[in-house]
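Presented below is the structure to which this report refers.
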Amino acid sequence: MSTLNYQISGNGTPVILIHGLFGNLDNLKTLANSLSDHRVIRVDVPNHGLSPHWQVMDYPSLAKAMTQLLAELSIDSAHFVGHSMGGKIAMAAALLYPQYVKSLVAADIAPVAYNPRHQLVFAALNQLDLKNLRSRSQGLTELLNSGIDEATAQFLLKNLQKDDAGFSWKMNLAGLQACYDKLIGWDLRCDDLPSNRITTELSYTGPSLCIRGGDSDYVKAEHSAQFVQQFPAIKAKTLAGTGHWLHAQKPVIFNRLVGDFIASND
């Protein structure tokens, strides 16, 4: 597989930052800036940003891609930080390739399968007529008319790119939709592991932190058992007054929580 698109800043112990669904490596840039005493690698997940488009996208292959990137950079291990889907990728890497994971931070996501919740977003994006799109503002209006809130619409439109032929998506929209069941699921069966072990038989005993949004429904009390089973050393923090986009809503507090946790496990 082709090398993932990434950007590196700073020096020190490596930290890899992994964005969520429909995002790109700029989503956690503020966090990267706050970790200036570390070597921070921000990565575009496959089918996002400038990374390669994949036909098959699941957590075992995504976790392997992250560890392969570290190997390409001659990095033995790194702190893994991921938001939403990126948090699942980080957790999968910790469970499947623990030797690469110095510590783990999962932002507002649990190691469980979720029910579908992005149908409206996919419908709105597919209804957007890129061939006849004349401006980003027109795209914003059309997404709003499809029932997407403005903050989400602005976030999604960061995926638009324009050249002489007109507008197109940076992300592989069709690929994401085709693989969506894998992304909301939590199946870590992997041919690289003995006896093709399943998720519930895996555990990562290294330092782990879940930071959840106080107003979000992504991490619930009922998920505690799955966290403890798979991540016995897990610690939890709740960021009050934030939803799923906690890192953008309260970046100073979020960045401090992540920075302090990483510093304590350097």
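Residues in the structure tokens are numbered from 1 in each chain, the chains being A, B, ... in the order shown, and ligands are numbered from 1 in the order shown.
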What are the closest atom pairs, with distances in Å to one decimal, for all residues of stretch 92-193 of chain A lying within 8 Å of stretch 49-63 of chain A? Consider only C-alpha atoms, order rows by chain and residue number, and present the result as a tab-separated table.
```
residue	atom	partner	partner_atom	distance
A:Ala92	CA	A:Ala63	CA	5.8
A:Ala93	CA	A:Ala63	CA	4.5
A:Leu96	CA	A:Pro60	CA	7.6
A:Tyr97	CA	A:Ala63	CA	7.9
A:Asn159	CA	A:Gly49	CA	7.1
A:Lys170	CA	A:Gly49	CA	5.5
A:Met171	CA	A:Gly49	CA	5.7
A:Asn172	CA	A:His53	CA	6.1
A:Gly175	CA	A:Gln55	CA	5.9
A:Leu176	CA	A:Met57	CA	7.9
A:Cys179	CA	A:Met57	CA	5.8
A:Lys182	CA	A:Asp58	CA	5.5
A:Leu183	CA	A:Asp58	CA	6.4
A:Trp186	CA	A:Tyr59	CA	7.6
A:Asp187	CA	A:Tyr59	CA	7.3
A:Leu188	CA	A:Pro60	CA	5.7
A:Arg189	CA	A:Pro60	CA	7.3
A:Cys190	CA	A:Pro60	CA	6.1
```
For this session: Per DSSP on the backbone, filter stretch 68-247 of chain A down to the residues in alpha helix (DSSP H) and report them as a ChimeraX atom specification.
Result: /A:68-72,85-96,119-127,136-145,150-157,173-178,180-184,224-230,246-247
For this session: Mind listing the strand (DSSP E) residues of stretch 8-249 of chain A, per DSSP on the backbone, as a PyMOL selection string?
Result: chain A and resi 8-9+14-18+39-43+78-83+101-107+160-163+166-169+208-213+234-239
Problem set entry | Who sits within 9 Å of stretch 141-152 of chain A, only C-alpha atoms, same chain under 6 positions skipped, as a PyMOL selection string | chain A and resi 120-121+123-125+127-128
Problem set entry | Residues within 12 Å of stretch 225-242 of chain A, only C-alpha atoms, excluding chain neighbours under 3 positions, as JSON, numbers by chain | {"A": [88, 91, 92, 94, 95, 96, 98, 103, 104, 105, 106, 107, 108, 109, 110, 111, 112, 113, 186, 188, 198, 199, 200, 201, 202, 203, 204, 205, 206, 207, 208, 209, 210, 211, 212, 213, 214, 215, 216, 217, 218, 219, 220, 221, 222, 245, 246, 247, 248, 249, 250, 251, 252, 253, 254, 255, 256, 257, 258, 261]}
Seminar exercise, completed: Separating atom CA of A:Lys158 from atom CA of A:Val43, to the nearest tenth of an Å, is a gap of 15.9 Å
Listing only residues of stretch 30-123 of chain A within 8 Å of stretch 19-25 of chain A, what is the closest atom pair and its distance in Å (to one decimal) for each, using only C-alpha atoms, sorted by chain and residue number ascending, as JSON lines?
```
{"residue": "A:Arg42", "atom": "CA", "partner": "A:Leu25", "partner_atom": "CA", "distance": 5.3}
{"residue": "A:Val43", "atom": "CA", "partner": "A:Leu25", "partner_atom": "CA", "distance": 5.1}
{"residue": "A:Asp44", "atom": "CA", "partner": "A:Leu25", "partner_atom": "CA", "distance": 5.0}
{"residue": "A:Val45", "atom": "CA", "partner": "A:Asn24", "partner_atom": "CA", "distance": 7.2}
{"residue": "A:His48", "atom": "CA", "partner": "A:Asn24", "partner_atom": "CA", "distance": 6.1}
{"residue": "A:Gly49", "atom": "CA", "partner": "A:Asn24", "partner_atom": "CA", "distance": 5.2}
{"residue": "A:Gly82", "atom": "CA", "partner": "A:His19", "partner_atom": "CA", "distance": 5.9}
{"residue": "A:His83", "atom": "CA", "partner": "A:Gly20", "partner_atom": "CA", "distance": 5.4}
{"residue": "A:Ser84", "atom": "CA", "partner": "A:Gly20", "partner_atom": "CA", "distance": 5.0}
{"residue": "A:Met85", "atom": "CA", "partner": "A:Gly20", "partner_atom": "CA", "distance": 4.5}
{"residue": "A:Gly86", "atom": "CA", "partner": "A:Gly20", "partner_atom": "CA", "distance": 4.8}
{"residue": "A:Gly87", "atom": "CA", "partner": "A:Gly20", "partner_atom": "CA", "distance": 7.6}
```
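With only C-alpha atoms as the basis for measurement, A:Phe122 is the residue among A:Ala263, A:Asn115, A:Leu31, A:Phe122 that approaches A:Gln177 most closely.
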For this session: Find the residue from A:Thr67, A:Asp181, A:Gln99, A:Ala78 that sits nearest to A:Arg39; use only C-alpha atoms when measuring.
Result: A:Ala78
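Here atom CA of A:His244 stands at a distance of 29.3 Å from atom CA of A:Lys162.
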